[in-house]
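Data from my_file.txt: compact mmCIF, N, CA and C atoms
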# COMPACT_ATOMS: atom_id res chain seq x y z
N ALA A 8 -23.30 28.19 -51.85
CA ALA A 8 -22.11 28.98 -51.57
C ALA A 8 -20.99 28.55 -52.49
N ASP A 9 -20.06 29.44 -52.71
CA ASP A 9 -18.85 29.13 -53.47
C ASP A 9 -17.86 28.51 -52.50
N LEU A 10 -17.63 27.21 -52.63
CA LEU A 10 -16.71 26.54 -51.72
C LEU A 10 -16.02 25.38 -52.40
N THR A 11 -14.94 24.93 -51.77
CA THR A 11 -14.17 23.78 -52.24
C THR A 11 -14.07 22.80 -51.09
N VAL A 12 -14.35 21.53 -51.38
CA VAL A 12 -14.19 20.47 -50.39
C VAL A 12 -13.04 19.58 -50.86
N THR A 13 -12.03 19.43 -50.01
CA THR A 13 -10.86 18.63 -50.34
C THR A 13 -10.74 17.48 -49.36
N LYS A 14 -10.59 16.27 -49.90
CA LYS A 14 -10.40 15.08 -49.07
C LYS A 14 -8.92 14.97 -48.73
N LEU A 15 -8.59 15.15 -47.46
CA LEU A 15 -7.20 15.11 -47.01
C LEU A 15 -6.76 13.70 -46.62
N SER A 16 -7.70 12.89 -46.17
CA SER A 16 -7.46 11.50 -45.80
C SER A 16 -8.83 10.81 -45.84
N PRO A 17 -8.89 9.50 -45.64
CA PRO A 17 -10.19 8.82 -45.73
C PRO A 17 -11.27 9.40 -44.82
N ASP A 18 -10.87 10.00 -43.70
CA ASP A 18 -11.88 10.52 -42.77
C ASP A 18 -11.65 11.99 -42.39
N LYS A 19 -10.94 12.72 -43.24
CA LYS A 19 -10.65 14.12 -42.94
C LYS A 19 -10.82 14.96 -44.20
N PHE A 20 -11.62 16.02 -44.08
CA PHE A 20 -11.91 16.89 -45.21
C PHE A 20 -11.64 18.34 -44.82
N MET A 21 -11.30 19.15 -45.80
CA MET A 21 -11.13 20.58 -45.58
C MET A 21 -12.11 21.30 -46.49
N VAL A 22 -12.91 22.18 -45.89
CA VAL A 22 -13.87 22.97 -46.65
C VAL A 22 -13.38 24.41 -46.65
N VAL A 23 -13.21 24.97 -47.83
CA VAL A 23 -12.78 26.36 -47.96
C VAL A 23 -13.91 27.13 -48.64
N ALA A 24 -14.35 28.18 -47.97
CA ALA A 24 -15.42 29.03 -48.50
C ALA A 24 -14.89 30.45 -48.65
N THR A 25 -15.56 31.22 -49.48
CA THR A 25 -15.17 32.61 -49.64
C THR A 25 -15.36 33.35 -48.32
N ASP A 26 -14.64 34.42 -48.14
CA ASP A 26 -14.73 35.17 -46.89
C ASP A 26 -16.13 35.69 -46.62
N THR A 27 -16.86 36.01 -47.67
CA THR A 27 -18.22 36.54 -47.48
C THR A 27 -19.23 35.45 -47.13
N MET A 28 -18.88 34.19 -47.35
CA MET A 28 -19.79 33.08 -47.09
C MET A 28 -19.36 32.22 -45.90
N HIS A 29 -18.26 32.57 -45.26
CA HIS A 29 -17.69 31.75 -44.19
C HIS A 29 -18.72 31.39 -43.12
N ASN A 30 -19.33 32.38 -42.51
CA ASN A 30 -20.28 32.11 -41.43
C ASN A 30 -21.51 31.36 -41.92
N HIS A 31 -21.97 31.67 -43.12
CA HIS A 31 -23.12 30.97 -43.68
C HIS A 31 -22.82 29.47 -43.85
N VAL A 32 -21.67 29.16 -44.43
CA VAL A 32 -21.29 27.76 -44.66
C VAL A 32 -21.11 27.03 -43.34
N LEU A 33 -20.43 27.64 -42.39
CA LEU A 33 -20.20 27.01 -41.09
C LEU A 33 -21.52 26.74 -40.37
N THR A 34 -22.41 27.71 -40.36
CA THR A 34 -23.72 27.54 -39.73
C THR A 34 -24.52 26.46 -40.45
N HIS A 35 -24.51 26.48 -41.77
CA HIS A 35 -25.24 25.48 -42.56
C HIS A 35 -24.76 24.06 -42.23
N MET A 36 -23.45 23.87 -42.17
CA MET A 36 -22.91 22.54 -41.88
C MET A 36 -23.27 22.11 -40.46
N ARG A 37 -23.13 23.00 -39.50
CA ARG A 37 -23.43 22.65 -38.11
C ARG A 37 -24.90 22.32 -37.91
N ARG A 38 -25.80 23.04 -38.54
CA ARG A 38 -27.23 22.78 -38.41
C ARG A 38 -27.65 21.45 -39.00
N ARG A 39 -26.91 20.99 -40.01
CA ARG A 39 -27.29 19.76 -40.68
C ARG A 39 -26.52 18.53 -40.21
N LEU A 40 -25.65 18.70 -39.26
CA LEU A 40 -24.91 17.58 -38.69
C LEU A 40 -25.80 16.87 -37.68
N ALA A 41 -26.16 15.66 -37.97
CA ALA A 41 -27.04 14.90 -37.08
C ALA A 41 -26.35 14.66 -35.74
N SER A 42 -27.15 14.65 -34.67
CA SER A 42 -26.58 14.49 -33.32
C SER A 42 -25.92 13.13 -33.12
N ASP A 43 -26.31 12.13 -33.89
CA ASP A 43 -25.70 10.80 -33.75
C ASP A 43 -24.58 10.55 -34.76
N THR A 44 -24.18 11.60 -35.49
CA THR A 44 -23.10 11.48 -36.46
C THR A 44 -21.76 11.52 -35.75
N HIS A 45 -20.86 10.68 -36.20
CA HIS A 45 -19.51 10.67 -35.63
C HIS A 45 -18.62 11.58 -36.48
N ALA A 46 -18.89 12.86 -36.37
CA ALA A 46 -18.14 13.86 -37.14
C ALA A 46 -17.95 15.10 -36.29
N ILE A 47 -16.87 15.79 -36.55
CA ILE A 47 -16.55 17.02 -35.84
C ILE A 47 -16.28 18.10 -36.88
N ILE A 48 -16.85 19.27 -36.67
CA ILE A 48 -16.57 20.42 -37.52
C ILE A 48 -15.72 21.38 -36.72
N SER A 49 -14.55 21.69 -37.23
CA SER A 49 -13.63 22.63 -36.56
C SER A 49 -13.34 23.79 -37.49
N ASP A 50 -13.54 25.00 -37.01
CA ASP A 50 -13.21 26.19 -37.79
C ASP A 50 -11.73 26.50 -37.57
N VAL A 51 -10.92 26.30 -38.60
CA VAL A 51 -9.48 26.53 -38.51
C VAL A 51 -9.06 27.78 -39.27
N THR A 52 -10.03 28.65 -39.53
CA THR A 52 -9.75 29.87 -40.31
C THR A 52 -8.57 30.65 -39.75
N GLY A 53 -8.53 30.84 -38.45
CA GLY A 53 -7.47 31.64 -37.83
C GLY A 53 -6.13 30.94 -37.77
N ALA A 54 -6.07 29.68 -38.10
CA ALA A 54 -4.82 28.93 -38.00
C ALA A 54 -3.98 28.98 -39.27
N TYR A 55 -4.60 29.36 -40.39
CA TYR A 55 -3.91 29.30 -41.68
C TYR A 55 -4.01 30.62 -42.43
N ALA A 56 -2.95 30.92 -43.15
CA ALA A 56 -2.97 32.00 -44.14
C ALA A 56 -3.04 31.33 -45.51
N GLN A 57 -3.71 31.97 -46.44
CA GLN A 57 -3.80 31.42 -47.79
C GLN A 57 -3.06 32.34 -48.75
N ILE A 58 -2.18 31.75 -49.54
CA ILE A 58 -1.48 32.47 -50.60
C ILE A 58 -1.76 31.72 -51.89
N ASN A 59 -2.19 32.45 -52.91
CA ASN A 59 -2.45 31.86 -54.21
C ASN A 59 -1.34 32.23 -55.18
N LEU A 60 -0.85 31.24 -55.89
CA LEU A 60 0.10 31.45 -56.99
C LEU A 60 -0.62 31.07 -58.27
N GLN A 61 -0.77 32.01 -59.16
CA GLN A 61 -1.50 31.77 -60.40
C GLN A 61 -0.67 32.21 -61.58
N GLY A 62 -0.85 31.55 -62.71
CA GLY A 62 -0.21 31.98 -63.94
C GLY A 62 0.71 30.94 -64.53
N PRO A 63 1.15 31.18 -65.75
CA PRO A 63 1.91 30.17 -66.50
C PRO A 63 3.25 29.80 -65.89
N ARG A 64 3.81 30.64 -65.02
CA ARG A 64 5.11 30.33 -64.41
C ARG A 64 4.99 29.94 -62.94
N SER A 65 3.76 29.77 -62.47
CA SER A 65 3.55 29.43 -61.05
C SER A 65 4.19 28.10 -60.68
N LYS A 66 4.12 27.12 -61.55
CA LYS A 66 4.72 25.82 -61.25
C LYS A 66 6.24 25.95 -61.14
N ASP A 67 6.84 26.71 -62.04
CA ASP A 67 8.30 26.89 -62.02
C ASP A 67 8.74 27.62 -60.75
N LEU A 68 8.00 28.65 -60.36
CA LEU A 68 8.33 29.38 -59.13
C LEU A 68 8.21 28.46 -57.92
N LEU A 69 7.11 27.73 -57.84
CA LEU A 69 6.92 26.83 -56.70
C LEU A 69 8.00 25.75 -56.67
N GLN A 70 8.38 25.24 -57.85
CA GLN A 70 9.42 24.22 -57.91
C GLN A 70 10.76 24.75 -57.40
N ALA A 71 11.01 26.02 -57.62
CA ALA A 71 12.26 26.63 -57.15
C ALA A 71 12.30 26.76 -55.62
N LEU A 72 11.14 26.61 -54.98
CA LEU A 72 11.05 26.82 -53.53
C LEU A 72 10.82 25.55 -52.73
N THR A 73 10.56 24.43 -53.40
CA THR A 73 10.22 23.19 -52.69
C THR A 73 11.01 22.00 -53.22
N SER A 74 11.14 20.99 -52.37
CA SER A 74 11.77 19.74 -52.82
C SER A 74 10.75 18.78 -53.43
N THR A 75 9.48 19.12 -53.33
CA THR A 75 8.42 18.30 -53.92
C THR A 75 8.48 18.41 -55.44
N ASP A 76 8.29 17.30 -56.13
CA ASP A 76 8.30 17.30 -57.59
C ASP A 76 6.98 17.88 -58.10
N MET A 77 6.98 19.13 -58.48
CA MET A 77 5.76 19.79 -58.95
C MET A 77 5.38 19.37 -60.37
N GLN A 78 6.30 18.71 -61.08
CA GLN A 78 5.96 18.21 -62.42
C GLN A 78 4.95 17.07 -62.33
N ASN A 79 4.95 16.36 -61.21
CA ASN A 79 4.02 15.25 -60.98
C ASN A 79 3.01 15.63 -59.90
N PHE A 80 2.40 16.78 -60.07
CA PHE A 80 1.42 17.31 -59.11
C PHE A 80 0.19 17.70 -59.93
N PRO A 81 -0.63 16.70 -60.30
CA PRO A 81 -1.72 16.97 -61.23
C PRO A 81 -2.84 17.84 -60.67
N PHE A 82 -3.64 18.35 -61.58
CA PHE A 82 -4.79 19.18 -61.22
C PHE A 82 -5.65 18.45 -60.20
N ARG A 83 -6.12 19.19 -59.19
CA ARG A 83 -6.97 18.72 -58.10
C ARG A 83 -6.23 17.85 -57.09
N THR A 84 -4.90 17.95 -57.08
CA THR A 84 -4.10 17.28 -56.06
C THR A 84 -3.98 18.18 -54.84
N ALA A 85 -3.98 17.58 -53.67
CA ALA A 85 -3.72 18.30 -52.42
C ALA A 85 -2.69 17.50 -51.64
N ALA A 86 -1.60 18.17 -51.25
CA ALA A 86 -0.54 17.49 -50.50
C ALA A 86 0.27 18.50 -49.72
N GLU A 87 0.89 18.03 -48.65
CA GLU A 87 1.76 18.89 -47.87
C GLU A 87 3.11 18.98 -48.57
N ILE A 88 3.63 20.21 -48.68
CA ILE A 88 4.94 20.43 -49.29
C ILE A 88 5.78 21.30 -48.36
N ASP A 89 7.09 21.29 -48.59
CA ASP A 89 7.98 22.17 -47.84
C ASP A 89 8.25 23.42 -48.66
N ILE A 90 8.29 24.55 -47.97
CA ILE A 90 8.73 25.81 -48.57
C ILE A 90 9.59 26.49 -47.51
N GLY A 91 10.88 26.53 -47.76
CA GLY A 91 11.79 27.05 -46.74
C GLY A 91 11.68 26.20 -45.49
N TYR A 92 11.46 26.86 -44.35
CA TYR A 92 11.33 26.14 -43.08
C TYR A 92 9.90 25.73 -42.77
N ALA A 93 9.01 25.99 -43.69
CA ALA A 93 7.58 25.76 -43.44
C ALA A 93 7.06 24.52 -44.15
N ARG A 94 5.94 24.02 -43.63
CA ARG A 94 5.15 22.98 -44.29
C ARG A 94 3.84 23.64 -44.67
N ALA A 95 3.42 23.46 -45.89
CA ALA A 95 2.18 24.08 -46.37
C ALA A 95 1.33 23.04 -47.07
N LEU A 96 0.02 23.18 -46.94
CA LEU A 96 -0.89 22.36 -47.73
C LEU A 96 -1.01 23.04 -49.08
N CYS A 97 -0.63 22.33 -50.12
CA CYS A 97 -0.68 22.87 -51.48
C CYS A 97 -1.80 22.18 -52.24
N MET A 98 -2.69 22.98 -52.81
CA MET A 98 -3.78 22.45 -53.64
C MET A 98 -3.59 22.97 -55.05
N ARG A 99 -3.51 22.05 -55.99
CA ARG A 99 -3.40 22.44 -57.40
C ARG A 99 -4.81 22.62 -57.92
N ILE A 100 -5.27 23.84 -57.80
CA ILE A 100 -6.63 24.15 -58.23
C ILE A 100 -6.66 25.62 -58.59
N THR A 101 -7.47 25.96 -59.55
CA THR A 101 -7.61 27.34 -59.95
C THR A 101 -8.96 27.53 -60.61
N TYR A 102 -9.46 28.71 -60.48
CA TYR A 102 -10.74 29.05 -61.12
C TYR A 102 -10.57 30.25 -62.03
N VAL A 103 -9.33 30.58 -62.38
CA VAL A 103 -9.08 31.73 -63.25
C VAL A 103 -8.71 31.29 -64.67
N GLY A 104 -8.74 29.99 -64.94
CA GLY A 104 -8.54 29.51 -66.29
C GLY A 104 -7.12 29.17 -66.67
N GLU A 105 -6.19 29.23 -65.73
CA GLU A 105 -4.83 28.83 -66.04
C GLU A 105 -4.20 28.14 -64.84
N LEU A 106 -2.96 27.72 -65.00
CA LEU A 106 -2.24 27.00 -63.95
C LEU A 106 -2.25 27.78 -62.65
N GLY A 107 -2.50 27.09 -61.54
CA GLY A 107 -2.50 27.79 -60.26
C GLY A 107 -2.50 26.86 -59.07
N TYR A 108 -2.10 27.42 -57.94
CA TYR A 108 -1.99 26.69 -56.68
C TYR A 108 -2.52 27.54 -55.55
N GLU A 109 -3.14 26.88 -54.57
CA GLU A 109 -3.53 27.52 -53.32
C GLU A 109 -2.66 26.93 -52.23
N LEU A 110 -2.00 27.79 -51.48
CA LEU A 110 -1.15 27.35 -50.38
C LEU A 110 -1.79 27.74 -49.06
N PHE A 111 -1.93 26.79 -48.17
CA PHE A 111 -2.46 27.03 -46.83
C PHE A 111 -1.32 26.81 -45.86
N ILE A 112 -0.89 27.91 -45.22
CA ILE A 112 0.32 27.94 -44.42
C ILE A 112 -0.04 28.28 -42.98
N PRO A 113 0.50 27.56 -42.00
CA PRO A 113 0.27 27.96 -40.61
C PRO A 113 0.64 29.44 -40.43
N VAL A 114 -0.21 30.19 -39.74
CA VAL A 114 -0.02 31.64 -39.65
C VAL A 114 1.37 32.04 -39.14
N GLU A 115 1.93 31.25 -38.24
CA GLU A 115 3.23 31.62 -37.70
C GLU A 115 4.36 31.46 -38.72
N GLN A 116 4.10 30.79 -39.84
CA GLN A 116 5.11 30.61 -40.88
C GLN A 116 4.78 31.38 -42.16
N ALA A 117 3.65 32.05 -42.19
CA ALA A 117 3.16 32.70 -43.41
C ALA A 117 4.08 33.81 -43.90
N GLN A 118 4.59 34.64 -43.02
CA GLN A 118 5.47 35.74 -43.46
C GLN A 118 6.74 35.20 -44.09
N HIS A 119 7.30 34.16 -43.50
CA HIS A 119 8.50 33.51 -44.05
C HIS A 119 8.23 33.00 -45.47
N VAL A 120 7.13 32.30 -45.66
CA VAL A 120 6.79 31.75 -46.98
C VAL A 120 6.52 32.87 -47.98
N TYR A 121 5.76 33.87 -47.55
CA TYR A 121 5.47 35.01 -48.42
C TYR A 121 6.77 35.68 -48.88
N ASP A 122 7.67 35.93 -47.95
CA ASP A 122 8.94 36.58 -48.29
C ASP A 122 9.74 35.74 -49.30
N LEU A 123 9.78 34.42 -49.11
CA LEU A 123 10.49 33.56 -50.05
C LEU A 123 9.86 33.63 -51.44
N ILE A 124 8.53 33.57 -51.50
CA ILE A 124 7.84 33.63 -52.78
C ILE A 124 8.11 34.95 -53.49
N VAL A 125 7.97 36.05 -52.77
CA VAL A 125 8.16 37.37 -53.38
C VAL A 125 9.61 37.58 -53.80
N ASP A 126 10.57 37.25 -52.94
CA ASP A 126 11.98 37.46 -53.27
C ASP A 126 12.37 36.67 -54.52
N ARG A 127 12.06 35.40 -54.53
CA ARG A 127 12.42 34.57 -55.69
C ARG A 127 11.56 34.89 -56.90
N GLY A 128 10.28 35.13 -56.66
CA GLY A 128 9.35 35.39 -57.75
C GLY A 128 9.66 36.68 -58.49
N GLU A 129 9.93 37.75 -57.77
CA GLU A 129 10.22 39.03 -58.43
C GLU A 129 11.57 38.98 -59.13
N ASP A 130 12.56 38.34 -58.51
CA ASP A 130 13.90 38.30 -59.10
C ASP A 130 13.99 37.41 -60.34
N ASP A 131 13.34 36.24 -60.30
CA ASP A 131 13.57 35.25 -61.36
C ASP A 131 12.35 34.91 -62.22
N PHE A 132 11.15 35.29 -61.82
CA PHE A 132 9.97 34.82 -62.54
C PHE A 132 8.99 35.93 -62.93
N GLY A 133 9.34 37.18 -62.68
CA GLY A 133 8.45 38.27 -63.06
C GLY A 133 7.17 38.32 -62.25
N LEU A 134 7.22 37.90 -60.99
CA LEU A 134 6.04 37.87 -60.13
C LEU A 134 5.43 39.26 -60.00
N LYS A 135 4.12 39.31 -60.12
CA LYS A 135 3.35 40.54 -59.90
C LYS A 135 2.23 40.23 -58.92
N HIS A 136 1.98 41.17 -58.00
CA HIS A 136 0.85 41.02 -57.08
C HIS A 136 -0.43 41.40 -57.81
N ALA A 137 -1.48 40.68 -57.50
CA ALA A 137 -2.79 40.98 -58.12
C ALA A 137 -3.86 40.94 -57.06
Is it possible to express this structure as structure tokens?
Amino acid sequence: ADLTVTKLSPDKFMVVATDTMHNHVLTHMRRRLASDTHAIISDVTGAYAQINLQGPRSKDLLQALTSTDMQNFPFRTAAEIDIGYARALCMRITYVGELGYELFIPVEQAQHVYDLIVDRGEDDFGLKHA
């Protein structure tokens, strides 16, 4: 399956799979988890919205919205950042060949974050939806 595994802490991982492979990946992981393993698999799909910022000005746009220093946010980094009143898990990862970020935002804060990104992005950075 096409998926990304991110280590969030020494004993906590986040697995992100494509929407078409979600159930396959979840079933595969659950079937292979040994009964004596001290691990828990939790499906948090409904808890988060994902917004991707891609392109050469994505870092500048994100920097305009957060107090986190995005200049020191290297490729394959995952960290919680602030955007407006929200906290989002930001992953510096892309598979389109240029600078990009994946933001995982609690669903109750997603509209707020989206509105901030679009308002600032369209006004100051030439943001286009794709």
Nearest-residue call for Tyr92 (chain A), choices A:Thr52, A:Gln70, A:Gln116, A:Gln57, using all atoms listed in the file: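 Closest to Tyr92 (chain A) of all the choices is A:Gln116.
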Region 21-38 of chain A surroundings by all atoms listed in the file, 7 Å radius, close-in-sequence under 5 positions cut, as number ranges by chain: A: 8-15
Test item: residues at most 7 Å from Val114 (chain A), all atoms listed in the file, excluding those fewer than 6 positions along its chain, as a PyMOL selection string: chain A and resi 53-56
Computed interatomic separation between CA of Asn79 (chain A) and CA of Ala137 (chain A) (Å):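 It comes out at 26.8 Å.
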If you run DSSP over the backbone, which residues in chain A end up strand (DSSP E or B)? Put them as an mmCIF file with N, CA and C atoms, keeping the file's coordinate frame.
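Dumped to states13.cif:
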data_model
loop_
_atom_site.group_PDB
_atom_site.id
_atom_site.type_symbol
_atom_site.label_atom_id
_atom_site.label_comp_id
_atom_site.auth_asym_id
_atom_site.auth_seq_id
_atom_site.Cartn_x
_atom_site.Cartn_y
_atom_site.Cartn_z
ATOM 1 N N LEU A 10 -17.630 27.210 -52.630
ATOM 2 C CA LEU A 10 -16.710 26.540 -51.720
ATOM 3 C C LEU A 10 -16.020 25.380 -52.400
ATOM 4 N N THR A 11 -14.940 24.930 -51.770
ATOM 5 C CA THR A 11 -14.170 23.780 -52.240
ATOM 6 C C THR A 11 -14.070 22.800 -51.090
ATOM 7 N N VAL A 12 -14.350 21.530 -51.380
ATOM 8 C CA VAL A 12 -14.190 20.470 -50.390
ATOM 9 C C VAL A 12 -13.040 19.580 -50.860
ATOM 10 N N THR A 13 -12.030 19.430 -50.010
ATOM 11 C CA THR A 13 -10.860 18.630 -50.340
ATOM 12 C C THR A 13 -10.740 17.480 -49.360
ATOM 13 N N LYS A 14 -10.590 16.270 -49.900
ATOM 14 C CA LYS A 14 -10.400 15.080 -49.070
ATOM 15 C C LYS A 14 -8.920 14.970 -48.730
ATOM 16 N N LEU A 15 -8.590 15.150 -47.460
ATOM 17 C CA LEU A 15 -7.200 15.110 -47.010
ATOM 18 C C LEU A 15 -6.760 13.700 -46.620
ATOM 19 N N SER A 16 -7.700 12.890 -46.170
ATOM 20 C CA SER A 16 -7.460 11.500 -45.800
ATOM 21 C C SER A 16 -8.830 10.810 -45.840
ATOM 22 N N LYS A 19 -10.940 12.720 -43.240
ATOM 23 C CA LYS A 19 -10.650 14.120 -42.940
ATOM 24 C C LYS A 19 -10.820 14.960 -44.200
ATOM 25 N N PHE A 20 -11.620 16.020 -44.080
ATOM 26 C CA PHE A 20 -11.910 16.890 -45.210
ATOM 27 C C PHE A 20 -11.640 18.340 -44.820
ATOM 28 N N MET A 21 -11.300 19.150 -45.800
ATOM 29 C CA MET A 21 -11.130 20.580 -45.580
ATOM 30 C C MET A 21 -12.110 21.300 -46.490
ATOM 31 N N VAL A 22 -12.910 22.180 -45.890
ATOM 32 C CA VAL A 22 -13.870 22.970 -46.650
ATOM 33 C C VAL A 22 -13.380 24.410 -46.650
ATOM 34 N N VAL A 23 -13.210 24.970 -47.830
ATOM 35 C CA VAL A 23 -12.780 26.360 -47.960
ATOM 36 C C VAL A 23 -13.910 27.130 -48.640
ATOM 37 N N ALA A 24 -14.350 28.180 -47.970
ATOM 38 C CA ALA A 24 -15.420 29.030 -48.500
ATOM 39 C C ALA A 24 -14.890 30.450 -48.650
ATOM 40 N N TYR A 55 -4.600 29.360 -40.390
ATOM 41 C CA TYR A 55 -3.910 29.300 -41.680
ATOM 42 C C TYR A 55 -4.010 30.620 -42.430
ATOM 43 N N ALA A 56 -2.950 30.920 -43.150
ATOM 44 C CA ALA A 56 -2.970 32.000 -44.140
ATOM 45 C C ALA A 56 -3.040 31.330 -45.510
ATOM 46 N N GLN A 57 -3.710 31.970 -46.440
ATOM 47 C CA GLN A 57 -3.800 31.420 -47.790
ATOM 48 C C GLN A 57 -3.060 32.340 -48.750
ATOM 49 N N ILE A 58 -2.180 31.750 -49.540
ATOM 50 C CA ILE A 58 -1.480 32.470 -50.600
ATOM 51 C C ILE A 58 -1.760 31.720 -51.890
ATOM 52 N N ASN A 59 -2.190 32.450 -52.910
ATOM 53 C CA ASN A 59 -2.450 31.860 -54.210
ATOM 54 C C ASN A 59 -1.340 32.230 -55.180
ATOM 55 N N LEU A 60 -0.850 31.240 -55.890
ATOM 56 C CA LEU A 60 0.100 31.450 -56.990
ATOM 57 C C LEU A 60 -0.620 31.070 -58.270
ATOM 58 N N GLN A 61 -0.770 32.010 -59.160
ATOM 59 C CA GLN A 61 -1.500 31.770 -60.400
ATOM 60 C C GLN A 61 -0.670 32.210 -61.580
ATOM 61 N N ALA A 85 -3.980 17.580 -53.670
ATOM 62 C CA ALA A 85 -3.720 18.300 -52.420
ATOM 63 C C ALA A 85 -2.690 17.500 -51.640
ATOM 64 N N ALA A 86 -1.600 18.170 -51.250
ATOM 65 C CA ALA A 86 -0.540 17.490 -50.500
ATOM 66 C C ALA A 86 0.270 18.500 -49.720
ATOM 67 N N GLU A 87 0.890 18.030 -48.650
ATOM 68 C CA GLU A 87 1.760 18.890 -47.870
ATOM 69 C C GLU A 87 3.110 18.980 -48.570
ATOM 70 N N ILE A 88 3.630 20.210 -48.680
ATOM 71 C CA ILE A 88 4.940 20.430 -49.290
ATOM 72 C C ILE A 88 5.780 21.300 -48.360
ATOM 73 N N ASP A 89 7.090 21.290 -48.590
ATOM 74 C CA ASP A 89 7.980 22.170 -47.840
ATOM 75 C C ASP A 89 8.250 23.420 -48.660
ATOM 76 N N ILE A 90 8.290 24.550 -47.970
ATOM 77 C CA ILE A 90 8.730 25.810 -48.570
ATOM 78 C C ILE A 90 9.590 26.490 -47.510
ATOM 79 N N ALA A 93 9.010 25.990 -43.690
ATOM 80 C CA ALA A 93 7.580 25.760 -43.440
ATOM 81 C C ALA A 93 7.060 24.520 -44.150
ATOM 82 N N ARG A 94 5.940 24.020 -43.630
ATOM 83 C CA ARG A 94 5.150 22.980 -44.290
ATOM 84 C C ARG A 94 3.840 23.640 -44.670
ATOM 85 N N ALA A 95 3.420 23.460 -45.890
ATOM 86 C CA ALA A 95 2.180 24.080 -46.370
ATOM 87 C C ALA A 95 1.330 23.040 -47.070
ATOM 88 N N LEU A 96 0.020 23.180 -46.940
ATOM 89 C CA LEU A 96 -0.890 22.360 -47.730
ATOM 90 C C LEU A 96 -1.010 23.040 -49.080
ATOM 91 N N CYS A 97 -0.630 22.330 -50.120
ATOM 92 C CA CYS A 97 -0.680 22.870 -51.480
ATOM 93 C C CYS A 97 -1.800 22.180 -52.240
ATOM 94 N N MET A 98 -2.690 22.980 -52.810
ATOM 95 C CA MET A 98 -3.780 22.450 -53.640
ATOM 96 C C MET A 98 -3.590 22.970 -55.050
ATOM 97 N N GLY A 107 -2.500 27.090 -61.540
ATOM 98 C CA GLY A 107 -2.500 27.790 -60.260
ATOM 99 C C GLY A 107 -2.500 26.860 -59.070
ATOM 100 N N TYR A 108 -2.100 27.420 -57.940
ATOM 101 C CA TYR A 108 -1.990 26.690 -56.680
ATOM 102 C C TYR A 108 -2.520 27.540 -55.550
ATOM 103 N N GLU A 109 -3.140 26.880 -54.570
ATOM 104 C CA GLU A 109 -3.530 27.520 -53.320
ATOM 105 C C GLU A 109 -2.660 26.930 -52.230
ATOM 106 N N LEU A 110 -2.000 27.790 -51.480
ATOM 107 C CA LEU A 110 -1.150 27.350 -50.380
ATOM 108 C C LEU A 110 -1.790 27.740 -49.060
ATOM 109 N N PHE A 111 -1.930 26.790 -48.170
ATOM 110 C CA PHE A 111 -2.460 27.030 -46.830
ATOM 111 C C PHE A 111 -1.320 26.810 -45.860
ATOM 112 N N ILE A 112 -0.890 27.910 -45.220
ATOM 113 C CA ILE A 112 0.320 27.940 -44.420
ATOM 114 C C ILE A 112 -0.040 28.280 -42.980
ATOM 115 N N PRO A 113 0.500 27.560 -42.000
ATOM 116 C CA PRO A 113 0.270 27.960 -40.610
ATOM 117 C C PRO A 113 0.640 29.440 -40.430
#
Surrounding residues of Arg83 (chain A) excluding itself and chain neighbours under 4 positions, 10 Å, only C-alpha atoms, as a PyMOL selection string: chain A and resi 13+98-101+108
Quick one: everything within 5 Å of Leu110 (chain A), counting only N, CA and C atoms, minus sequence neighbours fewer than 5 positions away in the same chain. Send it as a compact mmCIF listing (two decimals) with N, CA and C atoms, in the frame of the given file.
# COMPACT_ATOMS: atom_id res chain seq x y z
N GLN A 57 -3.71 31.97 -46.44
CA GLN A 57 -3.80 31.42 -47.79
C GLN A 57 -3.06 32.34 -48.75
N ILE A 58 -2.18 31.75 -49.54
CA ILE A 58 -1.48 32.47 -50.60
C ILE A 58 -1.76 31.72 -51.89
N ASN A 59 -2.19 32.45 -52.91
CA ASN A 59 -2.45 31.86 -54.21
C ASN A 59 -1.34 32.23 -55.18
N LEU A 96 0.02 23.18 -46.94
CA LEU A 96 -0.89 22.36 -47.73
C LEU A 96 -1.01 23.04 -49.08
N CYS A 97 -0.63 22.33 -50.12
CA CYS A 97 -0.68 22.87 -51.48
C CYS A 97 -1.80 22.18 -52.24
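Here CA of Ser74 (chain A) and CA of Gly104 (chain A) stand 26.3 Å from one another.
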